[in-house]
>>> print(open('input_13.cif').read())   # mmCIF, C-alpha atoms
data_work
loop_
_atom_site.label_atom_id
_atom_site.label_comp_id
_atom_site.auth_asym_id
_atom_site.auth_seq_id
_atom_site.Cartn_x
_atom_site.Cartn_y
_atom_site.Cartn_z
CA MET A 335 6.67 158.10 205.60
CA LYS A 336 6.24 155.74 208.54
CA THR A 337 8.28 156.14 211.73
CA ILE A 338 10.62 153.47 213.03
CA LEU A 339 11.82 153.46 216.62
CA THR A 340 14.70 151.31 217.75
CA GLY A 341 17.40 151.59 220.36
CA ILE A 342 20.54 150.26 221.95
CA ARG A 343 21.94 150.29 225.48
CA PRO A 344 25.32 152.04 225.91
CA THR A 345 27.03 149.40 228.03
CA GLY A 346 29.99 148.69 225.71
CA ASN A 347 31.17 148.83 222.13
CA LEU A 348 29.26 147.01 219.41
CA HIS A 349 30.35 143.54 218.31
CA ILE A 350 29.60 141.79 215.05
CA GLY A 351 26.55 140.17 216.63
CA HIS A 352 25.05 143.64 217.04
CA TYR A 353 25.97 144.54 213.49
CA PHE A 354 24.59 141.48 211.69
CA GLY A 355 21.70 141.03 214.12
CA ALA A 356 20.38 144.60 214.03
CA VAL A 357 22.52 147.53 212.86
CA LYS A 358 22.96 146.28 209.30
CA ASN A 359 19.17 146.22 208.99
CA TRP A 360 18.85 149.72 210.52
CA CYS A 361 21.23 151.05 207.86
CA LYS A 362 18.82 149.82 205.17
CA LEU A 363 15.65 150.96 206.91
CA GLN A 364 16.87 154.54 207.42
CA ASN A 365 16.59 155.12 203.68
CA ASP A 366 12.87 154.38 203.57
CA TYR A 367 11.55 155.36 207.00
CA ASN A 368 11.63 158.26 209.45
CA THR A 369 14.10 156.59 211.79
CA PHE A 370 14.64 157.31 215.51
CA ILE A 371 17.54 155.51 217.21
CA GLU A 372 17.56 155.80 220.98
CA ILE A 373 20.76 155.59 223.01
CA ALA A 374 19.01 154.02 225.99
CA ASP A 375 21.21 155.22 228.84
CA VAL A 376 18.40 155.19 231.41
CA GLN A 377 17.55 151.57 230.59
CA ALA A 378 21.25 150.71 230.81
CA LEU A 379 21.16 151.85 234.44
CA THR A 380 18.68 149.11 235.35
CA ASP A 381 21.64 146.78 235.85
CA ASN A 382 24.51 149.31 235.82
CA PHE A 383 23.27 151.80 238.41
CA ASN A 384 26.44 151.43 240.46
CA ASP A 385 28.61 152.28 237.47
CA PRO A 386 27.15 155.40 235.76
CA ASP A 387 30.55 156.39 234.35
CA LYS A 388 30.49 153.25 232.21
CA VAL A 389 27.12 154.24 230.75
CA ARG A 390 28.08 157.89 230.24
CA LYS A 391 31.31 157.03 228.44
CA ASN A 392 29.63 154.57 226.12
CA VAL A 393 26.98 157.00 224.86
CA ARG A 394 29.54 158.57 222.55
CA GLU A 395 31.28 155.25 221.82
CA ILE A 396 28.02 153.61 220.71
CA THR A 397 27.22 156.61 218.53
CA ILE A 398 30.63 156.38 216.87
CA ASP A 399 30.05 152.68 216.25
CA LEU A 400 26.65 153.37 214.66
CA LEU A 401 28.01 156.09 212.37
CA SER A 402 30.97 153.90 211.42
CA CYS A 403 28.63 151.07 210.43
CA GLY A 404 26.66 153.27 208.03
CA ILE A 405 24.01 155.08 210.07
CA LYS A 406 23.77 158.53 208.49
CA GLU A 407 24.64 161.69 210.38
CA ASP A 408 21.18 163.13 209.67
CA THR A 409 19.38 160.09 211.11
CA THR A 410 17.77 160.95 214.46
CA ILE A 411 20.07 159.51 217.12
CA PHE A 412 19.07 160.76 220.57
CA ILE A 413 19.92 160.31 224.25
CA GLN A 414 17.08 158.82 226.28
CA SER A 415 17.89 160.57 229.58
CA MET A 416 17.54 163.99 227.96
CA ILE A 417 13.90 163.38 227.02
CA HIS A 418 12.08 163.74 230.36
CA GLU A 419 8.71 163.08 228.67
CA ILE A 420 9.68 159.40 228.46
CA ALA A 421 9.88 159.26 232.26
CA GLU A 422 6.52 161.04 232.57
CA LEU A 423 4.84 158.58 230.24
CA THR A 424 6.40 155.69 232.14
CA VAL A 425 4.70 156.91 235.33
CA PHE A 426 1.33 157.22 233.59
CA TYR A 427 1.61 153.80 231.97
CA SER A 428 2.65 152.13 235.22
CA ASN A 429 -0.92 152.61 236.42
CA LEU A 430 -2.20 150.49 233.54
CA VAL A 431 -0.09 147.38 234.15
CA THR A 432 -0.26 144.99 237.11
CA ILE A 433 2.77 143.45 238.79
CA SER A 434 1.49 139.96 237.97
CA ARG A 435 1.30 140.87 234.26
CA LEU A 436 4.90 142.02 234.28
CA TYR A 437 6.01 138.79 235.93
CA ARG A 438 4.19 136.84 233.20
CA ASN A 439 6.10 138.58 230.42
CA PRO A 440 8.26 135.77 228.89
CA THR A 441 11.25 138.05 228.27
CA ILE A 442 11.19 139.34 231.84
CA LYS A 443 10.69 135.81 233.25
CA THR A 444 13.78 134.60 231.40
CA GLU A 445 15.93 137.51 232.58
CA ILE A 446 14.71 137.18 236.18
CA ARG A 447 15.60 133.48 236.13
CA GLN A 448 19.09 134.36 234.90
CA LYS A 449 19.48 136.87 237.72
CA GLN A 450 18.31 134.34 240.29
CA GLU A 451 20.86 131.82 239.03
CA LEU A 452 23.57 134.43 239.57
CA PHE A 453 22.41 135.95 242.87
CA GLY A 454 20.28 133.25 244.46
CA ASN A 455 16.68 132.17 244.23
CA ASN A 456 15.04 135.24 245.75
CA GLY A 457 13.67 138.60 244.66
CA GLU A 458 16.48 140.69 246.15
CA SER A 459 18.25 141.00 242.79
CA VAL A 460 15.11 142.16 240.93
CA THR A 461 14.62 145.92 241.16
CA TYR A 462 11.43 147.88 240.52
CA GLY A 463 13.14 149.46 237.49
CA PHE A 464 14.13 146.10 236.08
CA LEU A 465 10.65 144.61 236.46
CA GLY A 466 9.10 147.73 234.91
CA TYR A 467 11.37 147.67 231.86
CA PRO A 468 8.49 146.78 229.46
CA VAL A 469 6.55 149.82 230.71
CA SER A 470 9.45 152.21 230.09
CA GLN A 471 9.98 150.63 226.68
CA ALA A 472 6.34 151.32 225.84
CA ALA A 473 7.01 154.96 226.74
CA ASP A 474 10.05 154.97 224.45
CA ILE A 475 8.00 153.69 221.53
CA THR A 476 4.87 155.81 221.94
CA CYS A 477 6.70 159.02 222.82
CA PHE A 478 7.87 159.26 219.21
CA ASN A 479 4.81 157.75 217.54
CA GLY A 480 6.75 154.62 216.68
CA GLU A 481 4.76 152.75 214.04
CA LEU A 482 7.23 149.98 213.19
CA ILE A 483 9.61 148.46 215.74
CA PRO A 484 12.45 146.28 214.34
CA VAL A 485 12.93 143.37 216.75
CA GLY A 486 13.98 139.76 216.91
CA GLU A 487 11.51 137.08 217.99
CA ASP A 488 12.81 137.18 221.57
CA GLN A 489 11.55 140.77 221.85
CA THR A 490 8.02 140.01 220.66
CA PRO A 491 6.58 139.81 224.23
CA LEU A 492 7.81 143.35 224.94
CA ILE A 493 6.07 144.74 221.86
CA GLU A 494 2.89 142.89 222.79
CA GLN A 495 3.08 144.47 226.25
CA CYS A 496 3.37 147.89 224.63
CA ARG A 497 0.37 147.22 222.42
CA GLU A 498 -1.66 146.24 225.50
CA ILE A 499 -0.76 149.52 227.18
CA VAL A 500 -1.67 151.56 224.09
CA LYS A 501 -4.98 149.74 223.71
CA LYS A 502 -5.90 150.26 227.35
CA PHE A 503 -4.89 153.93 227.37
CA ASN A 504 -6.83 154.66 224.19
CA SER A 505 -9.89 152.80 225.48
CA ILE A 506 -9.98 155.04 228.57
CA TYR A 507 -8.88 158.39 227.17
CA GLY A 508 -9.69 158.19 223.46
CA GLU A 509 -7.54 157.57 220.39
CA THR A 510 -4.38 159.34 221.52
CA LEU A 511 -1.45 156.94 221.13
CA THR A 512 -0.15 155.31 217.95
CA MET A 513 -0.45 151.52 217.94
CA PRO A 514 2.98 150.05 217.09
CA GLU A 515 3.61 147.03 214.87
CA GLN A 516 6.66 144.81 215.20
CA LEU A 517 8.96 144.45 212.23
CA LEU A 518 10.61 141.07 212.68
CA THR A 519 14.22 140.91 211.56
CA LYS A 520 15.22 137.97 209.39
CA THR A 521 18.66 137.57 210.94
CA PRO A 522 18.65 135.27 213.99
CA ARG A 523 20.76 135.92 217.08
CA ILE A 524 24.43 135.63 216.13
CA LYS A 525 26.34 132.82 217.83
CA GLY A 526 29.56 133.34 219.72
CA LEU A 527 33.01 132.05 218.74
CA ASP A 528 32.58 129.24 221.28
CA GLY A 529 29.32 128.05 219.72
CA ASN A 530 27.16 129.64 222.41
CA GLU A 531 23.77 130.78 221.10
CA LYS A 532 24.53 134.28 222.40
CA MET A 533 27.51 136.50 221.67
CA GLY A 534 28.51 138.82 224.50
CA LYS A 535 31.27 140.51 226.45
CA SER A 536 30.57 138.59 229.64
CA LEU A 537 30.95 135.31 227.74
CA GLY A 538 34.26 136.32 226.14
CA ASN A 539 33.13 135.02 222.75
CA ALA A 540 32.64 138.20 220.72
CA ILE A 541 34.53 140.01 217.96
CA TYR A 542 34.17 143.76 218.47
CA LEU A 543 34.15 146.45 215.81
CA THR A 544 37.01 148.03 217.78
CA ASP A 545 39.15 144.88 217.79
CA THR A 546 42.64 145.16 216.29
CA THR A 547 44.00 142.74 213.72
CA GLU A 548 45.89 141.02 216.53
CA ASP A 549 42.68 140.68 218.57
CA VAL A 550 40.78 139.24 215.60
CA THR A 551 43.55 136.77 214.80
CA LYS A 552 43.78 135.51 218.36
CA LYS A 553 40.02 135.10 218.70
CA ILE A 554 39.44 133.33 215.39
CA MET A 555 42.37 130.97 215.92
CA SER A 556 40.67 129.83 219.14
CA ALA A 557 37.18 129.49 217.60
CA LYS A 558 35.31 126.23 218.09
CA THR A 559 35.58 123.67 215.27
CA ASP A 560 34.39 120.08 214.80
CA THR A 561 35.88 118.24 217.79
CA ASN A 562 35.80 114.98 215.82
CA LYS A 563 38.40 116.32 213.40
CA ILE A 564 41.66 115.23 215.01
CA LYS A 565 44.13 115.37 212.14
CA LYS A 566 44.43 117.89 209.33
CA ASP A 567 43.17 115.46 206.66
CA ASP A 568 40.23 114.10 208.65
CA PRO A 569 36.82 114.82 207.10
CA ALA A 570 34.66 117.10 209.25
CA ASN A 571 31.15 118.46 209.62
CA PRO A 572 31.15 122.20 208.77
CA GLU A 573 27.69 122.69 210.28
CA VAL A 574 29.09 122.36 213.81
CA CYS A 575 32.11 124.55 213.09
CA MET A 576 32.02 128.22 214.09
CA VAL A 577 34.66 129.08 211.52
CA TYR A 578 32.34 127.90 208.75
CA TYR A 579 29.45 129.71 210.48
CA TYR A 580 31.32 133.02 210.23
CA HIS A 581 32.37 132.35 206.64
CA LYS A 582 28.64 132.19 205.85
CA LEU A 583 27.91 135.26 207.95
CA LEU A 584 30.46 137.29 206.00
CA GLU A 585 29.02 135.93 202.75
CA ASN A 586 32.31 134.44 201.61
CA LYS A 587 31.98 133.86 197.85
CA ASN A 588 34.17 130.81 198.32
CA ILE A 589 31.69 129.22 200.74
CA GLU A 590 30.90 126.11 198.64
CA THR A 591 34.58 125.31 198.32
CA VAL A 592 35.06 125.81 202.06
CA CYS A 593 32.17 123.42 202.76
CA ASN A 594 33.23 120.71 200.30
CA GLU A 595 36.91 120.75 201.26
CA CYS A 596 35.96 120.52 204.94
CA LYS A 597 33.72 117.52 204.33
CA ASN A 598 36.30 115.80 202.14
CA GLY A 599 39.18 116.36 204.54
CA THR A 600 41.19 118.44 202.07
CA ARG A 601 41.02 121.62 204.15
CA GLY A 602 42.79 121.97 207.47
CA CYS A 603 41.32 124.05 210.29
CA VAL A 604 44.32 126.38 210.48
CA ALA A 605 44.10 127.26 206.78
CA CYS A 606 40.35 127.76 207.11
CA LYS A 607 40.81 130.07 210.07
CA LYS A 608 43.46 132.10 208.25
CA GLU A 609 41.07 132.61 205.34
CA LEU A 610 38.36 133.72 207.77
CA ILE A 611 40.78 136.21 209.36
CA GLU A 612 41.33 137.75 205.92
CA LYS A 613 37.57 138.03 205.30
CA MET A 614 36.96 139.48 208.76
CA GLU A 615 39.69 142.06 208.19
CA GLU A 616 38.10 143.04 204.86
CA PHE A 617 34.84 143.60 206.74
CA LEU A 618 36.31 145.50 209.69
CA THR A 619 38.85 147.71 207.90
CA PRO A 620 36.40 150.33 206.51
CA ILE A 621 34.62 150.44 209.87
CA ARG A 622 37.93 151.03 211.65
CA GLU A 623 38.75 153.85 209.22
CA LYS A 624 35.42 155.56 209.91
CA ARG A 625 35.85 155.09 213.65
CA LYS A 626 39.26 156.78 213.43
CA TYR A 627 37.67 159.72 211.61
CA TYR A 628 34.92 160.20 214.19
CA LYS A 629 37.31 159.72 217.13
CA GLU A 630 39.45 162.50 215.69
CA ASN A 631 36.39 164.72 215.14
CA PRO A 632 34.31 164.37 218.33
CA GLU A 633 32.48 167.62 217.58
CA ILE A 634 30.73 165.88 214.67
CA VAL A 635 29.53 163.10 216.97
CA ASP A 636 28.33 165.58 219.59
CA ASN A 637 26.49 167.57 216.93
CA VAL A 638 24.73 164.42 215.68
CA LEU A 639 23.59 163.68 219.24
CA LYS A 640 22.54 167.28 219.94
CA GLU A 641 20.53 167.65 216.72
CA GLY A 642 18.97 164.22 217.09
CA THR A 643 18.05 164.84 220.72
CA ASN A 644 16.53 168.26 219.90
CA LYS A 645 14.40 166.71 217.15
CA ALA A 646 13.31 163.89 219.43
CA LYS A 647 12.53 166.42 222.18
CA LYS A 648 10.13 168.34 219.94
CA GLN A 649 8.28 165.15 219.00
CA ALA A 650 8.14 164.06 222.64
CA GLU A 651 6.66 167.41 223.69
CA GLU A 652 3.92 167.08 221.07
CA THR A 653 3.06 163.58 222.26
CA MET A 654 3.07 164.64 225.92
CA ASN A 655 0.70 167.53 225.23
CA LYS A 656 -1.71 165.14 223.49
CA VAL A 657 -1.55 162.74 226.43
CA LYS A 658 -2.14 165.46 229.04
CA ASN A 659 -5.01 166.91 227.02
CA SER A 660 -6.55 163.43 226.79
CA ILE A 661 -6.40 162.82 230.54
CA LYS A 662 -7.26 166.49 231.18
CA ILE A 663 -4.36 167.53 233.42
CA ASN A 664 -3.20 170.54 231.39
CA TYR A 665 -4.67 172.78 234.08
CA PHE A 666 -3.67 176.14 232.65
CA GLU A 667 -4.81 175.61 229.07
#
>>> encode(input="input_13.cif", output="structure tokens")
Amino acid sequence: MKTILTGIRPTGNLHIGHYFGAVKNWCKLQNDYNTFIEIADVQALTDNFNDPDKVRKNVREITIDLLSCGIKEDTTIFIQSMIHEIAELTVFYSNLVTISRLYRNPTIKTEIRQKQELFGNNGESVTYGFLGYPVSQAADITCFNGELIPVGEDQTPLIEQCREIVKKFNSIYGETLTMPEQLLTKTPRIKGLDGNEKMGKSLGNAIYLTDTTEDVTKKIMSAKTDTNKIKKDDPANPEVCMVYYYHKLLENKNIETVCNECKNGTRGCVACKKELIEKMEEFLTPIREKRKYYKENPEIVDNVLKEGTNKAKKQAEETMNKVKNSIKINYFE
């Protein structure tokens, strides 16, 4: 059985973009692969170092979200900071990658540009840890012999960077590390309620798995629709309407009717939004019920994390021994 390695940063609760963009797929993959899910608290500190309490608190919250979405309790969910071998590998790998190569990584270039737009056009906002993120991610993947890495297209450059590191290490020290392959997800990045290509907390355009019925109602009623539809009976273009977008996302069986009535002007936006609220509530209700169960039984969540971290630790130790034997620094063996 092949091993899959994936992860998520504990910086806040999951929203439906996380679910449809990644977690839903993880729930399917766990049935056919040896699955490792990393709660990447160390990586979360790259831009939350001044707020460690936020990261610490969200380790358990993210785990509850994952379990509530359908990740099984016996799937290996582990805490990154408790596997010190990842940090060791990161140090070793950092000697195989130049600064200029890191700056050329398209994903890093995009994120650096975003930081510069926020903090000014200089390097003061870019930390060593942030720039070296692809190196630490390579350590995450190889530490557990990750063979398949589920990612979206925007993450492809990071996987390619990892493959470069593995190739270079193996060429110097022999066939030691497992070469990972990316497993592209079919679901594109989920748009926000405002039509933005990205859904996120900072943008205020996300529906969270923890949202109440009141929250969901308020958010959907303010969702972007076709601005050319002025009156209730005006025909509209559903393809530019976020309400229609979410109807499709939730696989509303009534989707053809929604589309036709919108185009013909026989469906008002308020009625359409109310129907979407019902569908969203049908989706969120079982997740809320599971979240309530795990919140009331924190010992189950802690046990999942402890067992998963212990399993991951054993695998990491095996990998680290192989690496040290390859570069011949196990002095007392």
>>> residues_near_point(input="input_13.cif", point="(24.7, 160.9, 220.9)", cutoff="12 Å", atoms="only C-alpha atoms", output="ChimeraX atom specification")
/A:341-344,370-375,390-401,407-416,632-644,646
>>> residues_around(input="input_13.cif", residues="A:Leu610", least_positions_apart="3", cutoff="12 Å", atoms="all atoms listed in the file", output="ChimeraX atom specification")
/A:550-551,553-555,557,576-589,592,603-607,613-617
>>> residues_around(input="input_13.cif", residues="A:Cys496", least_positions_apart="3", cutoff="6 Å", atoms="all atoms listed in the file", output="NGL selection string")
:A and (472 or 493 or 499)
>>> closest_residue(input="input_13.cif", among="A:Phe503, A:Thr380, A:Val389, A:Lys552", to="A:Asn429", atoms="only C-alpha atoms")
A:Phe503
>>> resolve_selection(input="input_13.cif", expression="the PyMOL selection byres ((chain A and resi 486-489) around 8)", output="ChimeraX atom specification")
/A:441,484-485,490-493,518-523
>>> residues_around(input="input_13.cif", residues="A:Val469", least_positions_apart="4", cutoff="9 Å", atoms="only C-alpha atoms", output="list in words")
Leu423, Thr424, Val425, Tyr427, Ser428, Val431, Leu436, Leu465, Ala473, Asp474, Leu492, Gln495, Cys496 and Ile499 of chain A
>>> resolve_selection(input="input_13.cif", expression="the PyMOL selection byres ((chain A and resi 368) around 12)", output="PyMOL selection string")
chain A and resi 335-340+360+362-367+369-371+408-411+478-483+645-646
>>> residues_around(input="input_13.cif", residues="stretch 563-568 of chain A", least_positions_apart="2", cutoff="6 Å", atoms="only C-alpha atoms", output="PyMOL selection string")
chain A and resi 560-561+570+599-600+602
>>> atom_distance(input="input_13.cif", atom1="atom CA of A:Gln377", atom2="atom CA of A:Ser470")
8.1 Å
>>> resolve_selection(input="input_13.cif", expression="the PyMOL selection byres ((chain A and resi 402) around 12)", output="ChimeraX atom specification")
/A:347-348,353,357-358,361,395-401,403-407,543-544,617-629,635
>>> atom_distance(input="input_13.cif", atom1="atom CA of A:Asp528", atom2="atom CA of A:Cys593")
19.4 Å
>>> closest_residue(input="input_13.cif", among="A:Ile446, A:Ile541, A:Ile661, A:Met654", to="A:Ile611", atoms="only C-alpha atoms")
A:Ile541
